[in-house]
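Asker: Can you keep this structure in mind? I'll have questions shortly.
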2 protein chains.
Amino acid sequence: MNSEFIIAVHSLVLLAHKPDCMASSEEIAANVCTHPARVRKVLGFLRKRGYVATREGSGGGYKLLKDPSDMTLADIYREMAAGSLTPTWCSGNPEMDCMVGSNMQDVMNSVFCGAEQKLESYFAEITIGQMLSRIKERQHA
Amino acid sequence: MNSEFIIAVHSLVLLAHKPDCMASSEEIAANVCTHPARVRKVLGFLRKRGYVATREGSGGGYKLLKDPSDMTLADIYREMAAGSLTPTWCSGNPEMDCMVGSNMQDVMNSVFCGAEQKLESYFAEITIGQMLSRIKERQHA
DNA sequence: TTCAACTGTAACTGCTAATATTACAGTAAC
DNA sequence: GTTACTGTAATATTAGCAGTTACAGTTGAA
C-alpha cells in the first residue's frame with residue numbers, strides 16, 4: 001500500500017482527535033513521522049476534495065471539514081491509492097501467437113479489478129471515526 | 001502485486017494448457033516475457049511445494065503435478081506474495097507520547113490484516129483451471 | 001509596514017527494492 | 001562426452017519512492 005494513503009488516514013485521525021484545532025504540517029509530520037512537505041502535499045490534495053480546510057499564513061494549518069464518521073477508508077483509498085493493487089509489471093503480450101500468452105494480460109487484469117472491488121468494499125466499512133475508536137480501545141487495554 | 005505471483009500463475013496456466021508436456025524455462029519465459037532464470041527460480045519454489053515436477057538435463061523442463069482445478073490463486077498468493085498488501089512504510093511510533101501516534105501502527109496493521117484476509121478469500125475462489133477457461137472464452141469471443 | 005509563521009509546489013537527491021542478467025556447477029539423455 | 005537442460009547465487013541495472021531543499025505566496029501580529 002501507498003504511503004500517501006497512510007499519511008492521509010493518520011492525519012485525518014489525528015485531526016479528528018483534536019476537533020476545532022488547527023494543526024500545522026510540522027505538528028502532523030512529527031506525529032506521522034515524515035517530512036512536513038509530504039504532509040502538505042497530501043493534505044493539500046484532501047483540501048481540494050473537501051475533507052479538510054487549510055489556512056495559510058501565521059497561525060495557519062489544517063482542520064477537519066467532514067464528520068469523522070462520514071469518511072471511510074474507501075474514500076481515502078480511491079483518492080490516494082486507487083489501482084495500487086494492480087501490478088505495474090505484467091506478463092504475456094497481446095501480439096503473441098499463443099492463446100495463453102496473448103490473453104493473460106486481460107484475464108489477469110480482470111482478476112485484479114475484482115480484487116480491487118473486494119478491497120474497497122472492505123475499506124468502505126471502516127470510518128475515520130472507527131479508527132480513532134480502535135486507537136482509544138487499545139490505549140485503555 | 002508481486003511479479004513472482006504473476007509469473008507463477010502464468011506458468012501454471014501455461015502448463016495446464018499443455019498437459020503432460022514438458023516445457024523448458026526458456027519456452028515459459030518467452031511466453032511470460034521475462035528471463036528464464038526468473039522462471040527457474042519461481043518454478044523451483046513451486047516444485048518444493050509440490051505443484052510441479054521438474055526434470056533436469058537434456059529434454060528436461062517443468063510439468064504440472066496437481067489438477068488445475070485443485071490449485072487456487074490463494075494457494076499461490078500464500079506461497080509467493082503473502083503480506084504484500086501490508087505496506088513496508090509505516091507511520092507513527094509506539095514510543096511516542098501521543099495516543100494517536102503511538103497506537104497507529106498497530107491499528108493500521110490490524111486493518112491490513114483484515115484486508116489481506118478478504119483478498120485471500122477472493123483468490124480462493126479462482127482456480128488455475130478457471131483462469132485457463134477465462135482465457136479460452138476470451139479467445140473465442 | 002515589516003517580521004515571523006505558515007501553506008503550496010516543484011525540483012532534486014538518495015535510497016531501496018525489484019527486475020534483468022550473467023555465470024557456472026550439477027544432471028540427464030543420447 | 002557432448003548437448004541441453006535445471007539450480008542457484010552473485011551481480012548489474014532500473015525504477016519508484018521517501019526525504020529534502022527551496023522559495024514564492026499568504027496571513028496575522030508587533
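Residues in the C-alpha cells are named by chain (A, B, ... in the order shown) and by number from 1 within that chain; ligands are numbered from 1 in the order shown.
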Where does chain B meet chain D within 9 Å, residue by residue, with the nearest atom pair and distance in Å to one decimal for each, counting only C-alpha atoms (C1' of nucleotides), listed by chain and rising number, as JSON lines?
Answerer:
{"residue": "B:Ser24", "atom": "CA", "partner": "D:DC5", "partner_atom": "C1'", "distance": 7.8}
{"residue": "B:Ser25", "atom": "CA", "partner": "D:DT6", "partner_atom": "C1'", "distance": 8.6}
{"residue": "B:Arg40", "atom": "CA", "partner": "D:DT6", "partner_atom": "C1'", "distance": 7.4}
{"residue": "B:Lys41", "atom": "CA", "partner": "D:DG7", "partner_atom": "C1'", "distance": 8.0}
{"residue": "B:Gly44", "atom": "CA", "partner": "D:DG7", "partner_atom": "C1'", "distance": 7.8}
{"residue": "B:Thr54", "atom": "CA", "partner": "D:DT6", "partner_atom": "C1'", "distance": 7.9}
{"residue": "B:Arg55", "atom": "CA", "partner": "D:DT6", "partner_atom": "C1'", "distance": 7.2}
{"residue": "B:Glu56", "atom": "CA", "partner": "D:DT6", "partner_atom": "C1'", "distance": 4.7}
{"residue": "B:Gly57", "atom": "CA", "partner": "D:DC5", "partner_atom": "C1'", "distance": 4.1}
{"residue": "B:Ser58", "atom": "CA", "partner": "D:DA4", "partner_atom": "C1'", "distance": 4.1}
{"residue": "B:Gly59", "atom": "CA", "partner": "D:DC5", "partner_atom": "C1'", "distance": 6.3}
{"residue": "B:Gly60", "atom": "CA", "partner": "D:DC5", "partner_atom": "C1'", "distance": 5.5}
{"residue": "B:Gly61", "atom": "CA", "partner": "D:DC5", "partner_atom": "C1'", "distance": 7.1}
Asker: Can you tell me, as a short mmCIF file (atom, residue, chain, number, x, y, z; two decimals) with C-alpha atoms, in the first residue's frame, which residues in chain B count as strand (DSSP E or B) by DSSP?
Answerer:
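Output file selection_9.cif is given in full below:
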data_model
loop_
_atom_site.label_atom_id
_atom_site.label_comp_id
_atom_site.auth_asym_id
_atom_site.auth_seq_id
_atom_site.Cartn_x
_atom_site.Cartn_y
_atom_site.Cartn_z
CA ALA B 23 8.12 -27.02 -21.04
CA VAL B 52 5.15 -29.01 -10.45
CA ALA B 53 7.68 -31.70 -11.26
CA THR B 54 10.98 -30.82 -12.84
CA ARG B 55 13.43 -32.86 -14.82
CA GLY B 61 11.74 -28.94 -18.03
CA TYR B 62 8.65 -28.44 -15.95
CA LYS B 63 5.37 -30.32 -15.74
CA LEU B 64 2.20 -29.89 -13.71
CA THR B 72 -6.35 -21.69 -6.36
CA THR B 127 -8.53 -21.76 -9.71
#
Asker: Mind listing as JSON, numbers by chain which residues of chain B are within 9 Å of chain A, counting only C-alpha atoms?
Answerer: {"B": [1, 2, 3, 6, 7, 10, 13, 14, 17, 30, 31, 32, 33, 34, 84, 85, 86, 87, 88, 89, 90, 91, 92, 93, 96, 98, 99, 100, 101, 102, 103, 104, 106, 107, 108, 111, 114, 115, 116, 118, 119, 122, 123, 126, 131, 132, 134, 135, 136, 138, 139]}
Asker: Mind listing the helix (DSSP H, G or I) residues of chain A, per DSSP on the backbone, as a PyMOL selection string?
Answerer: chain A and resi 3-17+25-32+36-48+68-70+73-80+99-123+128-140
Asker: Could you list, as a compact mmCIF listing (two decimals) with N, CA, C and O atoms (P, O5', C5', C4', C3', O3' and C1' of nucleotides), in the first residue's frame, the residues of chain C having an atom within 6 Å of chain A when counting only C-alpha atoms (C1' of nucleotides)?
Answerer:
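What landed in out-v7.txt:
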# COMPACT_ATOMS: atom_id res chain seq x y z
P DA C 5 8.60 32.68 14.14
O5' DA C 5 7.28 32.04 13.52
C5' DA C 5 6.01 32.45 14.02
C4' DA C 5 4.94 31.89 13.10
C3' DA C 5 5.17 30.41 12.73
O3' DA C 5 3.92 29.73 12.79
C1' DA C 5 4.94 31.70 10.78
P DC C 6 3.85 28.19 13.15
O5' DC C 6 2.83 27.62 12.08
C5' DC C 6 3.32 27.27 10.79
C4' DC C 6 2.41 27.88 9.75
C3' DC C 6 2.33 27.04 8.47
O3' DC C 6 1.29 26.09 8.62
C1' DC C 6 2.63 29.36 7.97
P DT C 7 1.33 24.80 7.69
O5' DT C 7 0.81 25.35 6.30
C5' DT C 7 -0.51 25.83 6.17
C4' DT C 7 -0.76 26.33 4.75
C3' DT C 7 -0.79 25.25 3.66
O3' DT C 7 -1.78 25.58 2.71
C1' DT C 7 0.93 26.79 3.18
Asker: Counting only C-alpha atoms, which residue out of A:Glu125, A:Glu95, A:Asp20, A:Glu27 sits closest to A:Ser69?
Answerer: A:Glu125
Asker: Please list as a ChimeraX atom specification every residue within 7 Å of B:Met71, counting only C-alpha atoms (C1' of nucleotides) and excluding residues in the same chain fewer than 4 positions away.
Answerer: /B:67,75,127-128
